[in-house]
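Comments concern the structure below.
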Amino acid sequence: MTYNETLQFLFNSLPVYQRIGAAAYKSDLNNTIALMEALGHPERAFKSIHVAGTNGKGSVSHTLASIAQESGYKTGLYTSPHLKDFRERIRINGNKISKQYVVSFVQQYKELFSEIQPSFFEMTVAMAFSYFAQQDIDIAIIEVGMGGRLDSTNVLTPILSIITNISFDHTQFLGNTLPAIAKEKAGIIKPYIPVVIGETQEQTQHVFEQIAGEKHAPICFADKTYQLQQLKISLQNNEFHLQCDACEGNKIIYKNIDSPLAGLCQEKNIKTILTACKIAGTDMFPQKAVQNGIARCISNTHLMGRWQILQTEPLVITDTGHNEAGIQLICRQLKQISYQNLHIVLGVVNDKDLSHILPYLPQKARYYFCKADIPRGKDAKELQAEAARYQLHGKHYVSVKSALRAAKRHAQPQDVIFVGGSTFTVAEVI
């Protein structure tokens, strides 16, 4: 098969959660364990850092991978979902897995897939771990797909576990209370392996402390470790930058941190990243490599879709934040920008509880409702009707791109256009 034929085989033969939703979800690790055994346990061949959480885990994963690269390590990075190209999910030192490896891996294990019947995500995890083992990497940064306890990546025994924060998302699988969701994500905590919690939350702190205690895992809360000072977000060379100093107690440990990831959530992410590096130790991640890794995150790992500027005059911004906490942060950040009028291109997935999103969106904006080109995309006309109940008004469009074109037609140079609501909406405009 060619590369394109291989992708079609994967998308058509294996259940893909991003496309069909709940029908692709597997509620145990049996398939992944079987794949690891058949492949000779590649997950044991490299060191890893395991990153879970509701928001920020992608940014934290990419930045840690950048720091590891700057520290001189051959670094694997596994993330999901991809935005433009399947191979974005699996990288070494920022370079995507080769098309030839994808083709040969699928060709070699087609019969195994037929026997085990894995989901698309389970197969992708197996491919990533096999690739990392074959390429003899030094360390891999592994982002959890969903939850933690039952996520396919949770066959790892990492050197460090990270849980960025807890908010409402995927409640049909993870639970409809914050403690229940926290318990699922805490499933990545391993015996005697240190864990960093990015954000101290009253409803979830005891969950993490209890599970870490039961597993004798040293636990550290990042927002109790570092504070950021002289924090500012500015537009430089058509990119937003977050700049700050990081302090531990009254002592400045990192001065003049410059991050091209400038969403408000990055304040929490930087604290999480610095705490993780502190636990790993300066022998592993030297201070200079930490600062360079943060500053060069996008160039080193090619991260996209995080408060990303698509153009100026009018300023067009896109961000993949799509749940309650993510949308709240996006709206807070939009309020910090000076503009004449705000235009929002909005597309969501059909299993999203919109009562956790729509109340936080600004009523004084012009909306362009659309549907991403996937089966899970919510019908734009239905989204328009639901949004109207929250006094969010605008027209619906047949596609994301047509909605963005309409927004650009109506926007003045001093206006802001925001595109978001789902990873898949963002993927169609970057």
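Ordering of the structure tokens sets the chain letters (A, B, ...); residue numbers start at 1 within each chain; ligands are numbered from 1 in the order shown.
All residues of protein, DNA or RNA that reach within 10 Å of Pro359 of chain A, judged by only C-alpha atoms and not counting those fewer than 6 positions away in the chain, are Glu324, Ile327, Gln328, Ala387, Arg389, Tyr390, Gln391 and Leu392 of chain A.
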According to DSSP computed on the backbone, where in segment 38-214 of chain A is there alpha helix (DSSP H)? Give the residues as a ChimeraX atom specification. /A:38,57-70,99-116,120-134,171-174,178-185,205-214
Residue nearest Asn165 of chain A - candidates A:Asn292, A:Ser299, A:Gln236, A:Asn55, atoms counted: only C-alpha atoms: A:Asn55
Residue set, segment 120-167 of chain A restricted to strand (DSSP E or B), as a PyMOL selection string: chain A and resi 139-143+160-163
As a PyMOL selection string, please: the residues near Lys99 of chain A (cut-off 9 Å, only C-alpha atoms, same-chain neighbours under 6 positions excluded). chain A and resi 2-3+87
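Minimum distance to Lys401 of chain A across A:Ile49, A:Leu346, A:Ala212, A:Gln414 (counting only C-alpha atoms) occurs at A:Leu346.
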Need to verify the contact set: Leu383 of chain A, 9 Å, only C-alpha atoms, exclusion of same-chain residues closer than 6 positions in sequence. Can you return it as a compact mmCIF listing (two decimals) with N, CA and C atoms, in the first residue's frame?
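As a result, selection-v4.txt now contains:
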```txt
# COMPACT_ATOMS: atom_id res chain seq x y z
N LEU A 346 -17.33 29.59 15.25
CA LEU A 346 -17.50 28.55 16.27
C LEU A 346 -18.02 27.26 15.66
N GLY A 347 -17.30 26.18 15.92
CA GLY A 347 -17.74 24.84 15.55
C GLY A 347 -17.39 23.86 16.65
N VAL A 348 -18.31 22.96 16.99
CA VAL A 348 -18.10 22.05 18.12
C VAL A 348 -18.43 20.62 17.68
N PHE A 369 -21.45 30.32 12.85
CA PHE A 369 -21.56 28.93 13.28
C PHE A 369 -21.25 28.00 12.11
N CYS A 370 -20.51 26.94 12.41
CA CYS A 370 -20.07 26.04 11.33
C CYS A 370 -19.88 24.63 11.88
N LYS A 371 -19.67 23.69 10.98
CA LYS A 371 -19.45 22.29 11.33
C LYS A 371 -18.13 21.82 10.73
N HIS A 396 -25.32 30.72 10.24
CA HIS A 396 -24.64 29.43 10.12
C HIS A 396 -24.11 29.26 8.71
```
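For Pro179 of chain A, the residues within 8 Å (counting only C-alpha atoms, excluding itself and residues fewer than 3 positions away along the chain) are Ala182, Lys183, Gln203, Thr204 and Val207 of chain A.
Using only C-alpha atoms, the residues found no farther than 10 Å from Tyr254 of chain A, other than those of its own chain fewer than 3 positions away, are Tyr226, Leu228, Cys244, Asp245, Ala246, Cys247, Glu248, Lys251, Ile257, Leu274, Gln287, Lys288, Val290 and Gln291 of chain A.
Across the structure, atom CA of Ile159 of chain A and atom CA of Val196 of chain A are spaced 11.5 Å apart.
Closest approach to Lys215 of chain A from the set A:Val60, A:Ile337, A:Ala45, A:Ala186 is made by A:Ala186, with distances taken over only C-alpha atoms.
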The residue from A:Ile357, A:Leu83, A:Leu156, A:Ile139 with the smallest atom-to-atom distance to Ala427 of chain A, counting only C-alpha atoms, is A:Leu83
Excluding Ile33 of chain A and residues on its chain fewer than 4 positions from it, collect all residues at most 12 Å away from it, counting only C-alpha atoms, and give them as an MDAnalysis selection string. chainID A and resid 28:29 37:43 116 118 122:123 125:126 150:156
Grab the atom CA of Asp415 of chain A to atom CA of Leu315 of chain A distance for me, in Å with one decimal place. 6.6 Å
